[in-house]
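Below is the file target.csv, which contains CSV, N, CA, C and O atoms.
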```csv
chain,number,residue,atom,x,y,z
J,621,MET,N,-2.8,2.2,-7.9
J,621,MET,CA,-2.0,3.4,-7.7
J,621,MET,C,-2.9,4.6,-7.6
J,621,MET,O,-3.8,4.8,-8.4
J,622,SER,N,-2.6,5.5,-6.6
J,622,SER,CA,-3.4,6.7,-6.4
J,622,SER,C,-3.1,7.7,-7.6
J,622,SER,O,-2.0,7.9,-8.0
J,623,PRO,N,-4.2,8.4,-8.0
J,623,PRO,CA,-4.0,9.4,-9.1
J,623,PRO,C,-3.2,10.6,-8.6
J,623,PRO,O,-2.7,11.3,-9.4
J,624,ARG,N,-3.0,10.8,-7.3
J,624,ARG,CA,-2.3,11.9,-6.8
J,624,ARG,C,-0.8,11.7,-6.9
J,624,ARG,O,0.0,12.6,-6.8
J,625,CYS,N,-0.3,10.5,-7.0
J,625,CYS,CA,1.1,10.2,-6.9
J,625,CYS,C,1.7,9.6,-8.2
J,625,CYS,O,1.0,8.8,-8.8
J,626,SER,N,2.9,10.0,-8.6
J,626,SER,CA,3.5,9.5,-9.8
J,626,SER,C,3.8,8.0,-9.7
J,626,SER,O,3.6,7.2,-10.6
J,627,ARG,N,4.3,7.6,-8.5
J,627,ARG,CA,4.5,6.1,-8.2
J,627,ARG,C,3.9,5.9,-6.9
J,627,ARG,O,3.8,6.8,-6.0
J,628,GLU,N,3.6,4.7,-6.6
J,628,GLU,CA,2.9,4.3,-5.3
J,628,GLU,C,3.8,4.8,-4.2
J,628,GLU,O,4.9,4.6,-4.0
J,629,GLY,N,3.1,5.7,-3.3
J,629,GLY,CA,3.8,6.2,-2.1
J,629,GLY,C,4.7,7.4,-2.4
J,629,GLY,O,5.3,7.9,-1.4
J,630,GLU,N,4.8,7.9,-3.6
J,630,GLU,CA,5.7,9.0,-3.9
J,630,GLU,C,4.9,10.2,-4.3
J,630,GLU,O,3.9,10.1,-4.9
J,631,MET,N,5.4,11.4,-4.0
J,631,MET,CA,4.9,12.6,-4.5
J,631,MET,C,6.0,13.5,-5.0
J,631,MET,O,7.0,13.7,-4.2
J,632,ILE,N,6.0,13.9,-6.2
J,632,ILE,CA,7.0,14.8,-6.7
J,632,ILE,C,6.5,16.3,-6.6
J,632,ILE,O,5.3,16.5,-6.3
J,633,ARG,N,7.4,17.2,-6.8
J,633,ARG,CA,7.2,18.6,-6.6
J,633,ARG,C,5.9,19.1,-7.4
J,633,ARG,O,5.1,19.8,-6.8
J,634,SER,N,5.8,18.7,-8.6
J,634,SER,CA,4.7,19.2,-9.5
J,634,SER,C,3.4,18.7,-8.9
J,634,SER,O,2.4,19.4,-9.0
J,635,GLU,N,3.4,17.5,-8.3
J,635,GLU,CA,2.2,16.9,-7.8
J,635,GLU,C,1.8,17.7,-6.5
J,635,GLU,O,0.6,17.9,-6.2
J,636,LEU,N,2.8,18.1,-5.7
J,636,LEU,CA,2.5,18.9,-4.5
J,636,LEU,C,1.9,20.2,-5.0
J,636,LEU,O,0.9,20.7,-4.4
J,637,LEU,N,2.5,20.9,-6.0
J,637,LEU,CA,1.9,22.1,-6.5
J,637,LEU,C,0.5,21.9,-6.9
J,637,LEU,O,-0.4,22.8,-6.7
J,638,GLN,N,0.2,20.9,-7.7
J,638,GLN,CA,-1.2,20.6,-8.1
J,638,GLN,C,-2.2,20.4,-7.0
J,638,GLN,O,-3.3,20.9,-7.0
J,639,ALA,N,-1.7,19.7,-6.0
J,639,ALA,CA,-2.6,19.4,-4.8
J,639,ALA,C,-2.9,20.7,-4.1
J,639,ALA,O,-4.0,21.0,-3.7
J,640,LEU,N,-1.9,21.6,-3.9
J,640,LEU,CA,-2.1,22.9,-3.3
J,640,LEU,C,-3.0,23.8,-4.1
J,640,LEU,O,-3.9,24.5,-3.5
J,641,HIS,N,-2.9,23.7,-5.4
J,641,HIS,CA,-3.7,24.5,-6.3
J,641,HIS,C,-5.2,24.0,-6.2
J,641,HIS,O,-6.1,24.8,-6.2
J,642,ARG,N,-5.3,22.7,-6.2
J,642,ARG,CA,-6.7,22.1,-6.1
J,642,ARG,C,-7.4,22.5,-4.8
J,642,ARG,O,-8.6,22.8,-4.8
J,643,ASP,N,-6.6,22.6,-3.7
J,643,ASP,CA,-7.2,22.9,-2.4
J,643,ASP,C,-7.3,24.5,-2.2
J,643,ASP,O,-7.9,24.9,-1.3
J,644,ASN,N,-6.6,25.2,-3.1
J,644,ASN,CA,-6.7,26.7,-3.0
J,644,ASN,C,-6.9,27.3,-4.4
J,644,ASN,O,-6.0,28.0,-4.9
J,645,PRO,N,-8.1,27.1,-4.9
J,645,PRO,CA,-8.3,27.6,-6.3
J,645,PRO,C,-8.3,29.1,-6.5
J,645,PRO,O,-8.1,29.6,-7.6
J,646,GLU,N,-8.4,29.8,-5.4
J,646,GLU,CA,-8.4,31.3,-5.4
J,646,GLU,C,-6.9,31.8,-5.7
J,646,GLU,O,-6.8,33.0,-6.1
J,647,LEU,N,-5.9,31.0,-5.5
J,647,LEU,CA,-4.6,31.4,-5.8
J,647,LEU,C,-4.1,30.9,-7.2
J,647,LEU,O,-4.5,29.9,-7.6
J,648,ARG,N,-3.3,31.8,-7.8
J,648,ARG,CA,-2.8,31.5,-9.1
J,648,ARG,C,-1.7,30.4,-9.0
J,648,ARG,O,-1.0,30.4,-7.9
J,649,ALA,N,-1.5,29.6,-10.0
J,649,ALA,CA,-0.4,28.6,-9.9
J,649,ALA,C,1.0,29.2,-9.6
J,649,ALA,O,1.8,28.7,-8.8
J,650,GLU,N,1.2,30.4,-10.2
J,650,GLU,CA,2.5,31.1,-10.0
J,650,GLU,C,2.6,31.5,-8.5
J,650,GLU,O,3.8,31.4,-7.9
J,651,GLU,N,1.6,31.9,-7.8
J,651,GLU,CA,1.6,32.3,-6.4
J,651,GLU,C,1.9,31.1,-5.6
J,651,GLU,O,2.7,31.1,-4.6
J,652,ILE,N,1.3,29.9,-5.9
J,652,ILE,CA,1.5,28.7,-5.1
J,652,ILE,C,3.0,28.3,-5.3
J,652,ILE,O,3.7,27.9,-4.3
J,653,GLU,N,3.5,28.3,-6.5
J,653,GLU,CA,4.9,27.9,-6.8
J,653,GLU,C,5.8,28.8,-6.0
J,653,GLU,O,6.8,28.4,-5.4
J,654,GLN,N,5.5,30.1,-6.0
J,654,GLN,CA,6.4,31.1,-5.3
J,654,GLN,C,6.4,30.7,-3.8
J,654,GLN,O,7.5,30.8,-3.1
J,655,VAL,N,5.3,30.4,-3.2
J,655,VAL,CA,5.2,30.1,-1.7
J,655,VAL,C,6.0,28.8,-1.5
J,655,VAL,O,6.8,28.8,-0.5
J,656,VAL,N,5.9,27.8,-2.3
J,656,VAL,CA,6.6,26.6,-2.1
J,656,VAL,C,8.1,26.8,-2.2
J,656,VAL,O,8.9,26.3,-1.4
J,657,ASP,N,8.5,27.6,-3.2
J,657,ASP,CA,9.9,27.9,-3.4
J,657,ASP,C,10.5,28.6,-2.2
J,657,ASP,O,11.5,28.3,-1.7
J,658,ILE,N,9.7,29.6,-1.6
J,658,ILE,CA,10.2,30.4,-0.5
J,658,ILE,C,10.3,29.4,0.7
J,658,ILE,O,11.3,29.5,1.5
J,659,PHE,N,9.3,28.6,0.9
J,659,PHE,CA,9.3,27.6,2.0
J,659,PHE,C,10.5,26.7,2.0
J,659,PHE,O,11.3,26.7,3.0
J,660,PHE,N,10.8,26.1,0.9
J,660,PHE,CA,12.0,25.2,0.8
J,660,PHE,C,13.3,26.0,0.9
J,660,PHE,O,14.3,25.6,1.5
J,661,ASP,N,13.4,27.2,0.2
J,661,ASP,CA,14.6,28.0,0.3
J,661,ASP,C,14.9,28.5,1.7
J,661,ASP,O,16.1,28.5,2.1
J,662,GLU,N,13.9,28.8,2.5
J,662,GLU,CA,14.1,29.3,3.8
J,662,GLU,C,14.6,28.1,4.7
J,662,GLU,O,15.5,28.4,5.5
J,663,ILE,N,14.1,27.0,4.5
J,663,ILE,CA,14.6,25.8,5.3
J,663,ILE,C,16.0,25.5,4.9
J,663,ILE,O,16.9,25.4,5.8
J,664,ALA,N,16.3,25.5,3.6
J,664,ALA,CA,17.7,25.2,3.2
J,664,ALA,C,18.7,26.3,3.7
J,664,ALA,O,19.8,26.0,4.1
J,665,GLN,N,18.3,27.6,3.6
J,665,GLN,CA,19.1,28.7,4.1
J,665,GLN,C,19.4,28.6,5.6
J,665,GLN,O,20.5,28.7,6.0
J,666,ARG,N,18.4,28.3,6.3
J,666,ARG,CA,18.6,28.2,7.8
J,666,ARG,C,19.5,27.0,8.1
J,666,ARG,O,20.4,27.1,9.0
J,667,LEU,N,19.4,25.9,7.4
J,667,LEU,CA,20.3,24.7,7.6
J,667,LEU,C,21.7,25.1,7.2
J,667,LEU,O,22.7,24.7,7.9
J,668,ALA,N,21.9,25.8,6.1
J,668,ALA,CA,23.2,26.2,5.6
J,668,ALA,C,23.9,27.1,6.6
J,668,ALA,O,25.1,27.1,6.7
J,669,GLU,N,23.1,27.9,7.4
J,669,GLU,CA,23.7,28.8,8.4
J,669,GLU,C,23.9,28.0,9.7
J,669,GLU,O,24.4,28.6,10.7
J,670,GLY,N,23.7,26.7,9.7
J,670,GLY,CA,23.9,25.9,10.9
J,670,GLY,C,22.7,25.9,11.9
J,670,GLY,O,22.8,25.4,13.0
J,671,GLY,N,21.6,26.4,11.4
J,671,GLY,CA,20.4,26.5,12.3
J,671,GLY,C,19.5,25.3,12.2
J,671,GLY,O,19.9,24.2,11.6
J,672,ARG,N,18.4,25.4,12.7
J,672,ARG,CA,17.4,24.3,12.8
J,672,ARG,C,16.0,24.9,12.5
J,672,ARG,O,15.7,26.1,12.8
J,673,VAL,N,15.2,24.1,11.9
J,673,VAL,CA,13.8,24.5,11.5
J,673,VAL,C,12.9,23.5,12.2
J,673,VAL,O,12.9,22.3,11.9
J,674,GLU,N,12.0,24.0,13.1
J,674,GLU,CA,11.0,23.1,13.7
J,674,GLU,C,9.6,23.5,13.3
J,674,GLU,O,9.2,24.6,13.4
J,675,LEU,N,8.9,22.5,12.7
J,675,LEU,CA,7.5,22.7,12.3
J,675,LEU,C,6.7,21.8,13.3
J,675,LEU,O,6.6,20.6,13.2
J,676,ARG,N,6.1,22.5,14.3
J,676,ARG,CA,5.3,21.8,15.3
J,676,ARG,C,4.3,20.8,14.7
J,676,ARG,O,3.6,21.1,13.7
J,677,GLY,N,4.3,19.6,15.2
J,677,GLY,CA,3.4,18.6,14.7
J,677,GLY,C,3.9,17.8,13.5
J,677,GLY,O,3.4,16.7,13.2
J,678,PHE,N,4.9,18.4,12.8
J,678,PHE,CA,5.4,17.7,11.6
J,678,PHE,C,6.8,17.2,11.9
J,678,PHE,O,7.1,16.0,11.7
J,679,GLY,N,7.7,18.0,12.3
J,679,GLY,CA,9.1,17.6,12.7
J,679,GLY,C,10.1,18.7,12.6
J,679,GLY,O,9.7,19.8,12.5
J,680,ALA,N,11.4,18.3,12.8
J,680,ALA,CA,12.4,19.3,12.8
J,680,ALA,C,13.5,18.9,11.9
J,680,ALA,O,13.9,17.7,11.8
J,681,PHE,N,14.0,19.9,11.1
J,681,PHE,CA,15.1,19.8,10.2
J,681,PHE,C,16.3,20.3,10.9
J,681,PHE,O,16.3,21.4,11.5
J,682,SER,N,17.4,19.6,10.8
J,682,SER,CA,18.7,20.1,11.4
J,682,SER,C,19.8,19.5,10.5
J,682,SER,O,19.6,18.8,9.5
J,683,THR,N,21.1,19.7,11.0
J,683,THR,CA,22.2,19.1,10.3
J,683,THR,C,23.0,18.3,11.3
J,683,THR,O,22.9,18.5,12.5
J,684,ARG,N,23.7,17.3,10.8
J,684,ARG,CA,24.6,16.5,11.6
J,684,ARG,C,26.0,16.5,11.0
J,684,ARG,O,26.1,16.6,9.8
J,685,GLU,N,27.0,16.4,11.9
J,685,GLU,CA,28.3,16.4,11.4
J,685,GLU,C,28.7,14.9,11.1
J,685,GLU,O,28.4,14.0,11.9
J,686,ARG,N,29.4,14.7,10.0
J,686,ARG,CA,29.9,13.4,9.7
J,686,ARG,C,31.4,13.5,9.7
J,686,ARG,O,32.0,14.4,9.1
J,687,GLN,N,32.1,12.7,10.4
J,687,GLN,CA,33.5,12.7,10.5
J,687,GLN,C,34.2,12.3,9.2
J,687,GLN,O,33.6,11.5,8.5
J,688,ALA,N,35.4,12.7,9.0
J,688,ALA,CA,36.2,12.2,7.9
J,688,ALA,C,36.4,10.7,8.1
J,688,ALA,O,36.5,10.3,9.2
J,689,ARG,N,36.5,10.0,7.0
J,689,ARG,CA,36.7,8.6,7.1
J,689,ARG,C,37.4,8.0,5.9
J,689,ARG,O,37.5,8.7,4.9
J,690,THR,N,37.8,6.8,6.0
J,690,THR,CA,38.4,6.1,4.8
J,690,THR,C,37.3,5.2,4.3
J,690,THR,O,36.7,4.4,5.0
J,691,GLY,N,37.0,5.4,3.0
J,691,GLY,CA,35.9,4.6,2.3
J,691,GLY,C,36.6,3.8,1.3
J,691,GLY,O,37.8,3.7,1.1
J,692,ARG,N,35.7,3.1,0.5
J,692,ARG,CA,36.2,2.2,-0.5
J,692,ARG,C,35.3,2.4,-1.7
J,692,ARG,O,34.1,2.4,-1.7
J,693,ASN,N,35.9,2.6,-2.9
J,693,ASN,CA,35.2,2.7,-4.2
J,693,ASN,C,34.6,1.3,-4.5
J,693,ASN,O,35.4,0.4,-4.6
J,694,PRO,N,33.3,1.2,-4.5
J,694,PRO,CA,32.7,-0.1,-4.8
J,694,PRO,C,33.0,-0.7,-6.1
J,694,PRO,O,33.1,-2.0,-6.3
J,695,ARG,N,33.3,0.1,-7.1
J,695,ARG,CA,33.6,-0.4,-8.4
J,695,ARG,C,35.0,-1.0,-8.5
J,695,ARG,O,35.3,-2.0,-9.1
J,696,THR,N,36.0,-0.2,-8.0
J,696,THR,CA,37.4,-0.6,-8.1
J,696,THR,C,38.0,-1.2,-6.9
J,696,THR,O,39.0,-1.9,-6.9
J,697,GLY,N,37.3,-1.0,-5.7
J,697,GLY,CA,37.9,-1.5,-4.5
J,697,GLY,C,39.0,-0.6,-3.9
J,697,GLY,O,39.5,-0.9,-2.8
J,698,GLU,N,39.3,0.4,-4.6
J,698,GLU,CA,40.3,1.4,-4.2
J,698,GLU,C,39.9,2.1,-2.9
J,698,GLU,O,38.8,2.5,-2.7
J,699,THR,N,40.9,2.3,-2.0
J,699,THR,CA,40.6,3.1,-0.8
J,699,THR,C,40.5,4.6,-1.2
J,699,THR,O,41.3,5.1,-1.9
J,700,VAL,N,39.5,5.3,-0.6
J,700,VAL,CA,39.3,6.7,-0.9
J,700,VAL,C,39.1,7.4,0.4
J,700,VAL,O,38.4,6.9,1.3
J,701,GLU,N,39.7,8.6,0.6
J,701,GLU,CA,39.5,9.4,1.7
J,701,GLU,C,38.2,10.2,1.5
J,701,GLU,O,38.0,10.9,0.5
J,702,VAL,N,37.3,10.1,2.5
J,702,VAL,CA,36.0,10.8,2.4
J,702,VAL,C,36.1,12.0,3.5
J,702,VAL,O,36.3,11.7,4.6
J,703,PRO,N,36.0,13.2,3.0
J,703,PRO,CA,36.2,14.3,3.9
J,703,PRO,C,35.0,14.5,4.9
J,703,PRO,O,33.9,14.0,4.7
J,704,ALA,N,35.2,15.2,6.0
J,704,ALA,CA,34.2,15.5,7.0
J,704,ALA,C,33.1,16.4,6.3
J,704,ALA,O,33.5,17.1,5.4
J,705,LYS,N,31.9,16.3,6.7
J,705,LYS,CA,30.8,17.1,6.1
J,705,LYS,C,29.6,17.2,7.0
J,705,LYS,O,29.5,16.4,7.9
J,706,ARG,N,28.8,18.1,6.7
J,706,ARG,CA,27.5,18.3,7.3
J,706,ARG,C,26.4,17.7,6.4
J,706,ARG,O,26.5,17.9,5.2
J,707,VAL,N,25.5,16.9,7.0
J,707,VAL,CA,24.4,16.3,6.2
J,707,VAL,C,23.1,16.8,6.8
J,707,VAL,O,23.0,17.0,8.0
J,708,PRO,N,22.0,16.9,6.0
J,708,PRO,CA,20.7,17.2,6.6
J,708,PRO,C,20.1,16.1,7.4
J,708,PRO,O,20.4,14.9,7.1
J,709,TYR,N,19.3,16.4,8.4
J,709,TYR,CA,18.7,15.4,9.2
J,709,TYR,C,17.3,15.8,9.5
J,709,TYR,O,17.0,17.0,9.7
J,710,PHE,N,16.4,14.9,9.5
J,710,PHE,CA,15.0,15.2,9.8
J,710,PHE,C,14.5,14.3,10.9
J,710,PHE,O,14.7,13.1,10.8
J,711,LYS,N,13.9,14.8,11.9
J,711,LYS,CA,13.3,14.1,13.0
J,711,LYS,C,11.8,14.3,13.0
J,711,LYS,O,11.4,15.5,13.2
J,712,ALA,N,11.0,13.3,12.8
J,712,ALA,CA,9.6,13.4,12.7
J,712,ALA,C,9.0,13.8,14.0
J,712,ALA,O,9.5,13.4,15.1
J,713,GLY,N,7.9,14.6,14.0
J,713,GLY,CA,7.3,15.1,15.2
J,713,GLY,C,6.3,14.0,15.7
J,713,GLY,O,6.0,13.0,15.0
J,714,LYS,N,5.8,14.2,16.9
J,714,LYS,CA,4.9,13.2,17.6
J,714,LYS,C,3.7,13.0,16.8
J,714,LYS,O,3.3,11.8,16.6
J,715,GLU,N,3.0,14.0,16.3
J,715,GLU,CA,1.8,13.9,15.5
J,715,GLU,C,2.0,13.1,14.2
J,715,GLU,O,1.1,12.2,13.9
J,716,ILE,N,3.0,13.4,13.5
J,716,ILE,CA,3.2,12.7,12.2
J,716,ILE,C,3.6,11.2,12.5
J,716,ILE,O,3.1,10.3,11.8
J,717,ARG,N,4.4,10.9,13.6
J,717,ARG,CA,4.7,9.5,13.9
J,717,ARG,C,3.4,8.8,14.2
J,717,ARG,O,3.2,7.6,13.8
J,718,LYS,N,2.5,9.5,15.0
J,718,LYS,CA,1.2,8.8,15.3
J,718,LYS,C,0.4,8.5,14.1
J,718,LYS,O,-0.2,7.4,13.9
J,719,ARG,N,0.3,9.5,13.1
J,719,ARG,CA,-0.4,9.2,11.9
J,719,ARG,C,0.1,8.1,11.0
J,719,ARG,O,-0.6,7.3,10.4
J,720,LEU,N,1.5,8.0,11.0
J,720,LEU,CA,2.1,6.9,10.3
J,720,LEU,C,1.8,5.5,10.8
J,720,LEU,O,1.8,4.6,10.1
J,721,ASN,N,1.5,5.5,12.1
J,721,ASN,CA,1.3,4.2,12.8
J,721,ASN,C,-0.1,3.9,13.1
J,721,ASN,O,-0.4,2.9,13.8
J,722,GLU,N,-1.1,4.7,12.6
J,722,GLU,CA,-2.5,4.5,12.9
J,722,GLU,C,-3.1,3.4,12.2
J,722,GLU,O,-4.2,3.0,12.4
J,723,GLY,N,-2.7,2.8,11.3
J,723,GLY,CA,-3.5,1.8,10.7
J,723,GLY,C,-3.1,1.1,9.6
J,723,GLY,O,-3.2,0.5,8.7
```
Just give me the structure of the file as structure tokens.
Amino acid sequence: MSPRCSREGEMIRSELLQALHRDNPELRAEEIEQVVDIFFDEIAQRLAEGGRVELRGFGAFSTRERQARTGRNPRTGETVEVPAKRVPYFKAGKEIRKRLNEG
């Protein structure tokens, strides 16, 4: 298991902050945390407004509409009405797809 990840293949927020601090020692930890917070808050805000965020080479964040439907409670088997909703969607960019399939 890599020392950079909490579990194989996973990275949690604190590990991302540590990696950014390791690569940018001139910045205080608080500054890095503030930048990460702003980054994610801006993406979430734009999506909440119905917008889209495109990061060239990485991918695009958007939302998709889910229609209302009839579902089933797996525990009880009872029929449940599930309301329509918007859900986040991510489409990987060309460069990241290439990196994922390189080897």
Exercise for the section: Could you give me the residues within chain J that DSSP places in strand (DSSP E), as an MDAnalysis selection string? Expected result: chainID J and resid 673:675 679:686 689:692 699:702 705:712
Practice task
Record the distance separating atom CA of Gly679 of chain J and atom CA of Asp661 of chain J, expressed in Å with one decimal.
Solution key: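 Between these atoms lies a distance of 17.1 Å.
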Practice task
Extract, using only N, CA, C and O atoms, all DNA, RNA and protein residues at most 4.5 Å from Thr683 of chain J, discarding same-chain residues fewer than 5 positions from it, and format them as a VMD selection string.
Solution key: chain J and resid 707 to 709
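The smallest atom-to-atom distance between Gln687 of chain J and any of J:Glu674, J:Ala704, J:Ile663, J:Ala668, using all atoms listed in the file, is found for J:Ala704.
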Kindly list the centre and edge lengths in Å, rounded to one decimal, for the axis-aligned box that covers all listed atoms of segment 631-648 of chain J plus 4 Å on each of its six sides, as AutoDock Vina command-line options.
```
--center_x -0.6 --center_y 22.2 --center_z -5.4 --size_x 24.0 --size_y 29.6 --size_z 16.2
```
Practice task
List every residue of chain J that DSSP, applied to the backbone, labels as alpha helix (DSSP H), and write the result as JSON, numbers by chain.
Solution key: {"J": [633, 634, 635, 636, 637, 638, 639, 640, 641, 642, 643, 649, 650, 651, 652, 653, 654, 655, 656, 657, 658, 659, 660, 661, 662, 663, 664, 665, 666, 667, 668, 714, 715, 716, 717, 718, 719, 720]}
